[in-house]
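One file, query-v1.cif, is given below (mmCIF, C-alpha atoms and all ligand atoms).
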data_my_file
#
loop_
_atom_site.label_atom_id
_atom_site.label_comp_id
_atom_site.auth_asym_id
_atom_site.auth_seq_id
_atom_site.Cartn_x
_atom_site.Cartn_y
_atom_site.Cartn_z
CA MET A 1 -5.24 -21.96 4.88
CA GLU A 2 -6.26 -23.18 1.43
CA LYS A 3 -6.14 -21.22 -1.81
CA ARG A 4 -9.52 -21.25 -3.59
CA GLU A 5 -10.99 -19.62 -6.70
CA LEU A 6 -9.50 -16.78 -8.74
CA LEU A 7 -11.44 -13.61 -7.89
CA TYR A 8 -9.70 -10.97 -9.99
CA THR A 9 -6.92 -10.68 -12.53
CA GLY A 10 -5.34 -7.24 -12.45
CA LYS A 11 -2.59 -5.80 -14.59
CA ALA A 12 0.24 -7.18 -12.43
CA LYS A 13 -1.32 -9.41 -9.78
CA SER A 14 -4.01 -12.07 -9.46
CA VAL A 15 -6.22 -12.31 -6.40
CA TYR A 16 -7.53 -15.61 -5.01
CA ALA A 17 -10.07 -16.41 -2.32
CA THR A 18 -9.08 -18.69 0.54
CA ASP A 19 -11.08 -20.97 2.83
CA ASP A 20 -11.19 -18.02 5.25
CA ALA A 21 -13.49 -15.08 4.38
CA ASP A 22 -11.05 -12.57 5.92
CA HIS A 23 -8.02 -13.55 3.83
CA LEU A 24 -6.88 -13.58 0.21
CA VAL A 25 -3.86 -14.86 -1.66
CA ILE A 26 -2.17 -12.36 -3.97
CA LEU A 27 -0.07 -13.77 -6.80
CA PHE A 28 2.56 -11.38 -8.17
CA ARG A 29 2.98 -12.02 -11.91
CA ASN A 30 5.80 -10.98 -14.25
CA ASP A 31 3.41 -8.81 -16.28
CA THR A 32 4.53 -5.20 -16.28
CA SER A 33 2.27 -2.47 -17.59
CA ALA A 34 2.38 1.28 -18.04
CA PHE A 35 0.25 4.03 -19.55
CA ASP A 36 -3.00 2.56 -18.17
CA GLY A 37 -2.22 -0.86 -19.60
CA LYS A 38 -1.29 0.32 -23.11
CA LYS A 39 2.32 -0.95 -22.77
CA VAL A 40 2.58 -4.50 -21.39
CA GLU A 41 5.58 -6.84 -21.19
CA GLN A 42 6.67 -9.93 -19.28
CA LEU A 43 9.80 -9.26 -17.24
CA ASP A 44 11.55 -12.35 -15.92
CA ARG A 45 11.75 -12.55 -12.07
CA LYS A 46 9.70 -9.36 -11.56
CA GLY A 47 6.82 -11.11 -9.74
CA MET A 48 9.17 -12.73 -7.26
CA VAL A 49 11.18 -9.54 -6.73
CA ASN A 50 8.09 -7.40 -6.10
CA ASN A 51 6.48 -10.01 -3.83
CA LYS A 52 9.56 -10.23 -1.59
CA PHE A 53 10.29 -6.52 -1.76
CA ASN A 54 6.68 -5.68 -0.82
CA ALA A 55 6.74 -8.14 2.11
CA PHE A 56 9.92 -6.49 3.41
CA ILE A 57 8.47 -2.96 3.16
CA MET A 58 5.10 -3.94 4.66
CA GLU A 59 6.94 -5.45 7.63
CA LYS A 60 8.85 -2.18 8.19
CA LEU A 61 5.60 -0.21 7.97
CA ALA A 62 3.82 -2.54 10.40
CA ALA A 63 6.74 -2.18 12.83
CA ALA A 64 6.24 1.60 12.61
CA GLY A 65 2.59 1.22 13.62
CA ILE A 66 0.92 1.41 10.19
CA PRO A 67 -1.96 -1.07 9.74
CA VAL A 68 -1.09 -3.23 6.69
CA HIS A 69 -2.90 -6.08 4.92
CA GLN A 70 0.22 -8.23 4.58
CA GLU A 71 0.16 -11.39 6.75
CA LYS A 72 3.02 -13.46 5.32
CA LEU A 73 4.93 -14.67 2.30
CA LEU A 74 3.55 -17.99 1.06
CA SER A 75 5.97 -18.66 -1.81
CA ASP A 76 8.26 -16.83 -4.22
CA ASN A 77 5.28 -15.22 -5.96
CA GLU A 78 2.44 -15.37 -3.42
CA SER A 79 1.48 -13.57 -0.23
CA LEU A 80 -1.36 -14.04 2.24
CA VAL A 81 -3.18 -10.78 2.97
CA LYS A 82 -6.23 -9.53 4.83
CA ARG A 83 -9.24 -9.26 2.54
CA LEU A 84 -10.09 -5.57 2.29
CA THR A 85 -12.99 -3.72 0.74
CA MET A 86 -10.84 -1.48 -1.42
CA ILE A 87 -11.41 2.26 -1.61
CA PRO A 88 -11.21 3.07 -5.35
CA VAL A 89 -8.89 6.02 -4.87
CA GLU A 90 -5.10 6.09 -5.13
CA CYS A 91 -3.18 8.27 -2.67
CA VAL A 92 0.02 9.82 -4.04
CA VAL A 93 2.70 11.56 -1.98
CA ARG A 94 5.48 13.47 -3.75
CA ASN A 95 8.80 14.69 -2.35
CA PHE A 96 10.26 15.72 -5.72
CA ALA A 97 8.53 16.69 -8.98
CA ALA A 98 8.39 13.92 -11.61
CA GLY A 99 6.02 12.21 -14.04
CA SER A 100 2.51 13.60 -14.47
CA LEU A 101 3.17 16.53 -12.12
CA VAL A 102 5.93 17.78 -14.39
CA ARG A 103 3.68 17.47 -17.45
CA ARG A 104 0.66 19.05 -15.74
CA LEU A 105 2.35 22.03 -14.14
CA GLY A 106 5.38 22.48 -16.37
CA VAL A 107 7.81 22.37 -13.45
CA GLU A 108 11.32 21.01 -13.69
CA GLU A 109 11.81 17.29 -12.98
CA GLY A 110 13.63 16.86 -9.67
CA LYS A 111 12.39 20.06 -8.02
CA GLU A 112 12.10 19.37 -4.28
CA LEU A 113 8.57 19.79 -2.91
CA LEU A 114 8.51 21.29 0.57
CA PRO A 115 6.23 20.35 2.16
CA PRO A 116 5.52 17.10 0.29
CA THR A 117 2.27 17.09 -1.72
CA PHE A 118 -0.72 14.76 -1.45
CA GLU A 119 -2.87 13.89 -4.48
CA LEU A 120 -5.86 11.64 -5.11
CA PHE A 121 -6.62 9.71 -8.30
CA LEU A 122 -9.71 7.69 -9.12
CA LYS A 123 -8.69 4.09 -9.82
CA ASN A 124 -10.28 3.69 -13.26
CA ASP A 125 -8.17 2.48 -16.21
CA ALA A 126 -10.86 3.30 -18.79
CA LEU A 127 -10.76 6.95 -17.69
CA GLY A 128 -6.96 7.00 -17.34
CA ASP A 129 -7.02 7.27 -13.51
CA PRO A 130 -8.17 10.92 -13.41
CA MET A 131 -7.05 13.22 -10.61
CA VAL A 132 -9.82 14.01 -8.13
CA ASN A 133 -10.03 16.11 -4.99
CA GLU A 134 -11.29 15.52 -1.46
CA TYR A 135 -14.75 16.89 -2.28
CA HIS A 136 -15.15 14.35 -5.12
CA VAL A 137 -14.14 11.54 -2.78
CA ARG A 138 -16.77 12.56 -0.22
CA SER A 139 -19.56 13.57 -2.64
CA PHE A 140 -19.33 10.38 -4.72
CA GLY A 141 -19.12 8.33 -1.53
CA TRP A 142 -15.77 6.67 -2.31
CA ALA A 143 -14.75 7.36 1.30
CA THR A 144 -16.09 9.30 4.28
CA ASP A 145 -14.29 12.37 5.52
CA GLU A 146 -12.98 10.41 8.49
CA GLN A 147 -11.62 7.64 6.23
CA LEU A 148 -10.07 10.22 3.90
CA GLN A 149 -8.31 12.03 6.75
CA ARG A 150 -7.00 8.69 8.02
CA MET A 151 -5.68 7.76 4.55
CA LYS A 152 -3.93 11.11 4.34
CA GLU A 153 -2.44 10.78 7.82
CA LEU A 154 -1.21 7.25 7.06
CA SER A 155 0.20 8.30 3.65
CA PHE A 156 2.36 10.99 5.26
CA LYS A 157 3.43 8.58 7.99
CA VAL A 158 4.47 6.03 5.34
CA ASN A 159 6.44 8.84 3.70
CA GLU A 160 8.36 9.62 6.89
CA VAL A 161 9.20 5.95 7.52
CA LEU A 162 10.21 5.16 3.94
CA LYS A 163 12.12 8.38 3.19
CA GLN A 164 14.46 7.38 6.03
CA LEU A 165 14.63 3.75 5.00
CA PHE A 166 15.58 4.57 1.39
CA ASP A 167 17.99 7.26 2.54
CA GLY A 168 19.87 4.48 4.34
CA GLY A 169 20.37 2.87 0.90
CA ASN A 170 21.52 6.19 -0.62
CA MET A 171 18.21 6.65 -2.49
CA LEU A 172 15.67 9.44 -2.79
CA LEU A 173 12.02 8.51 -2.42
CA VAL A 174 10.69 10.79 -5.17
CA ASP A 175 7.00 9.81 -4.97
CA PHE A 176 4.75 6.82 -4.35
CA LYS A 177 1.17 5.56 -4.71
CA LEU A 178 -0.79 3.78 -2.00
CA GLU A 179 -4.14 1.96 -2.03
CA PHE A 180 -6.17 1.57 1.14
CA GLY A 181 -9.19 -0.53 2.04
CA LEU A 182 -11.47 -1.31 4.93
CA PHE A 183 -11.05 -4.31 7.23
CA HIS A 184 -13.91 -4.61 9.74
CA GLY A 185 -14.38 -0.84 9.56
CA ASP A 186 -10.73 0.21 9.86
CA ILE A 187 -8.54 1.76 7.17
CA VAL A 188 -5.71 -0.63 6.29
CA LEU A 189 -2.91 -0.27 3.71
CA GLY A 190 -3.46 -2.76 0.87
CA ASP A 191 -2.09 -3.61 -2.55
CA GLU A 192 1.72 -3.37 -2.74
CA PHE A 193 4.68 -1.11 -2.20
CA SER A 194 7.32 -1.86 -4.82
CA PRO A 195 9.36 -0.03 -7.46
CA ASP A 196 6.30 -0.52 -9.74
CA GLY A 197 4.38 2.10 -7.76
CA CYS A 198 6.98 4.58 -6.62
CA ARG A 199 9.96 6.54 -7.93
CA LEU A 200 13.42 6.00 -6.47
CA TRP A 201 16.57 7.76 -7.58
CA ASP A 202 20.17 7.16 -6.61
CA LYS A 203 21.04 10.08 -4.34
CA ASP A 204 24.37 10.90 -6.01
CA THR A 205 23.75 10.17 -9.70
CA ARG A 206 19.91 10.47 -9.75
CA LYS A 207 19.86 7.22 -11.74
CA LYS A 208 16.26 5.98 -11.94
CA LEU A 209 15.74 2.69 -10.08
CA ASP A 210 11.97 2.28 -10.56
CA LYS A 211 9.27 1.65 -13.19
CA ASP A 212 10.29 4.77 -15.14
CA ARG A 213 13.03 2.48 -16.56
CA PHE A 214 10.18 0.48 -18.15
CA ARG A 215 8.04 3.50 -19.12
CA GLN A 216 11.01 5.23 -20.76
CA GLY A 217 12.52 2.06 -22.31
CA LEU A 218 15.78 2.46 -20.37
CA GLY A 219 16.25 -1.31 -19.84
CA GLY A 220 17.60 -3.08 -16.76
CA VAL A 221 14.21 -2.83 -15.06
CA VAL A 222 14.23 -5.90 -12.81
CA GLU A 223 18.00 -5.49 -12.25
CA ALA A 224 17.28 -2.01 -10.85
CA TYR A 225 14.48 -3.33 -8.61
CA GLU A 226 16.87 -5.98 -7.28
CA GLU A 227 19.53 -3.37 -6.66
CA VAL A 228 17.04 -1.34 -4.62
CA GLY A 229 16.28 -4.47 -2.60
CA HIS A 230 19.94 -5.33 -2.08
CA ARG A 231 20.69 -1.80 -0.86
CA LEU A 232 18.00 -2.28 1.83
CA GLY A 233 19.04 -5.83 2.72
CA VAL A 234 16.12 -7.69 1.07
CA LYS A 235 16.91 -11.35 0.39
CA PHE A 236 15.60 -12.57 -2.98
CA ASP A 237 16.91 -16.15 -2.92
N1 LIG B 301 -5.99 -6.73 0.60
C1 LIG B 301 -6.72 -6.61 -0.50
N2 LIG B 301 -8.02 -6.98 -0.52
C2 LIG B 301 -8.77 -6.85 -1.64
N3 LIG B 301 -8.30 -6.37 -2.82
C3 LIG B 301 -7.00 -5.99 -2.87
C4 LIG B 301 -6.15 -6.08 -1.72
N4 LIG B 301 -4.93 -5.59 -2.06
C5 LIG B 301 -5.01 -5.22 -3.35
N5 LIG B 301 -6.26 -5.44 -3.85
C6 LIG B 301 -6.72 -5.19 -5.22
O1 LIG B 301 -6.27 -6.29 -6.01
C7 LIG B 301 -5.83 -5.86 -7.30
C8 LIG B 301 -4.37 -6.20 -7.45
O2 LIG B 301 -4.00 -6.46 -8.74
P1 LIG B 301 -3.33 -5.39 -9.72
O3 LIG B 301 -2.66 -6.19 -10.76
O4 LIG B 301 -2.55 -4.37 -8.97
O5 LIG B 301 -4.68 -4.74 -10.30
P2 LIG B 301 -5.00 -3.40 -11.07
O6 LIG B 301 -4.78 -3.69 -12.52
O7 LIG B 301 -6.45 -3.20 -10.73
O8 LIG B 301 -4.10 -2.33 -10.50
C9 LIG B 301 -6.07 -4.36 -7.34
O9 LIG B 301 -7.30 -4.07 -7.95
C10 LIG B 301 -6.11 -3.96 -5.86
O10 LIG B 301 -6.88 -2.80 -5.62
MG MG B 302 -2.40 -2.31 -9.34
#

For the structure just supplied, provide its representation as structure tokens.
Amino acid sequence: MEKRELLYTGKAKSVYATDDADHLVILFRNDTSAFDGKKVEQLDRKGMVNNKFNAFIMEKLAAAGIPVHQEKLLSDNESLVKRLTMIPVECVVRNFAAGSLVRRLGVEEGKELLPPTFELFLKNDALGDPMVNEYHVRSFGWATDEQLQRMKELSFKVNEVLKQLFDGGNMLLVDFKLEFGLFHGDIVLGDEFSPDGCRLWDKDTRKKLDKDRFRQGLGGVVEAYEEVGHRLGVKFD
């Protein structure tokens, strides 16, 4: 496999073609952004930590029967993945209230959500990733009903697998965002699962161990991500 031209530079990752039409190389950079790209900083080691953390999580999900794009780690900062046609909708599962849900509905941060909720957001930075519903997804043709139901089913399955995994490290999986795409007609989990796209709290102290440390200027961002990894047994070097 050979890395070819740069296809896309996102806020945190760069995507490269390969000599094989079905595969891409994803480069995890140190760039860290929040508030739809309005706050951006370089955080030393973050690309490497997220790349290795994501590979570890994707492997656990694959072992649980979830179709994932991840093929293998190529280097500290690069992974080989299946090339998906991305569905431009983010799927969010919440187990506890935090972030935009707290602001939108005026509920208390940390309120347990039983059953967990499922939300959809249009992936569009210029519009601030607006919340949409299942009718929007179908009517605008972002996904068919069948694809949408599959994304929902897989999102809840990911939740069951990862709630348990993080519980083993004495952490609460508060919420997370997933992106799916199509690979030869099938829905496959793409993008990344890392502390950049989820909320994790220490179970006893409720210390934040995720990107809220960056959003809220709490410091120790990459140190917290590494701690999450160490609690799960991820090897960073
Ligand atoms: N397997 C894949 N195939 C094609 N595109 C992907 C795949 N996984 C992730 N992507 C896309 O690549 C980009 C990753 O870079 P990122 O920095 O997260 O970008 P963004 O700023 O758009 O969130 C995203 O747009 C994501 O949707
Ligand atoms: Mg992204």

With 12 Å as the cut-off and all atoms listed in the file counted, what is the closest atom pair between each nearby residue of region 132-195 of chain A and region 212-219 of chain A? Distances in Å to one decimal, ordered by chain and number, as a tab-separated table.
residue	atom	partner	partner_atom	distance
A:Val174	CA	A:Asp212	CA	11.7
A:Asp175	CA	A:Asp212	CA	11.8
A:Pro195	CA	A:Asp212	CA	9.1

>> Which residues are near ligand LIG 301 (chain B) - at most 6 Å, using only C-alpha atoms and all ligand atoms? Format: as an MDAnalysis selection string.
In response: chainID A and resid 10:14 69 81:86 190:191

> What does the distance between CA of Val40 (chain A) and CA of Gly106 (chain A) come to in Å, to one decimal place?
Replying inline: 27.6 Å

>> The residues within 12 Å of (-7.8, 4.4, -16.1), using all atoms listed in the file and the coordinates of the file, should be reported as a PyMOL selection string; which are they?
In response: chain A and resi 11+34-38+88-90+121-131

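For region 221-237 of chain A, the list of residues within 7 Å, based on all atoms listed in the file and with local chain neighbours fewer than 4 positions off taken out, reads Lys46, Val49, Lys52, Phe53, Phe56, Gly169, Pro195, Leu209, Asp210, Lys211, Arg213 and Phe214 of chain A.
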
> What residues have an atom no more than 9 Å from (-6.1, 14.0, -2.3) in the file's own frame, counting all atoms listed in the file, and can you write them as a ChimeraX atom specification?
Replying inline: /A:89-92,117-121,131-134,137,148,152

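Nearest residue to ligand MG 302 (chain B) among A:Arg29, A:His23, A:Lys208, A:Arg104 is A:Arg29, counting all atoms listed in the file.
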
> Quick one, how far is CA of Ile187 (chain A) from CA of Glu146 (chain A)?
Replying inline: 9.8 Å

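The coordinates place CA of Ala62 (chain A) at 14.8 Å from CA of Asp186 (chain A).
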
>> Could you check the closest approach to ligand MG 302 (chain B) for each of A:Ser33, A:His184, A:Ala63, A:Gly168 and tell me which residue wins, using all atoms listed in the file?
In response: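 Of all the options, A:Ser33 lies closest to ligand MG 302 (chain B).
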
>> Neighbouring residues of Lys157 (chain A) were defined as those with any atom within 10 Å, considering only C-alpha atoms; residues of the same chain fewer than 4 positions away were excluded. Please report them as a ChimeraX atom specification.
In response: /A:61,64-66,151-153,161-163

>> Measuring between only C-alpha atoms and all ligand atoms, which one of A:Leu73, A:Ala97, A:Tyr8, A:Gln164 shows the shortest distance to ligand MG 302 (chain B)?
In response: A:Tyr8

> Quick one: of A:Asp31, A:Asp202, A:Glu109, A:Glu59, who's nearest to ligand MG 302 (chain B), counting all atoms listed in the file?
Replying inline: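 So, comparing all the options, the nearest one is A:Asp31.
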
>> I'd like the contact shell of Asn159 (chain A) - 10 Å cut-off, all atoms listed in the file, skipping same-chain residues fewer than 5 positions apart - returned as a PyMOL selection string.
In response: chain A and resi 93-95+116+153-154+164-165+173+175-176

> From the set A:Leu113, A:Ala55, A:Leu189, A:Met171, which residue has the shortest atom-to-atom contact distance to Ser75 (chain A), counting all atoms listed in the file?
Replying inline: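 Comparing A:Leu113, A:Ala55, A:Leu189, A:Met171 against Ser75 (chain A), the winner is A:Ala55.
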
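The closest residue to ligand MG 302 (chain B), picked from A:Leu7, A:Leu101, A:Leu178, A:Leu200 and counting all atoms listed in the file, is A:Leu178.
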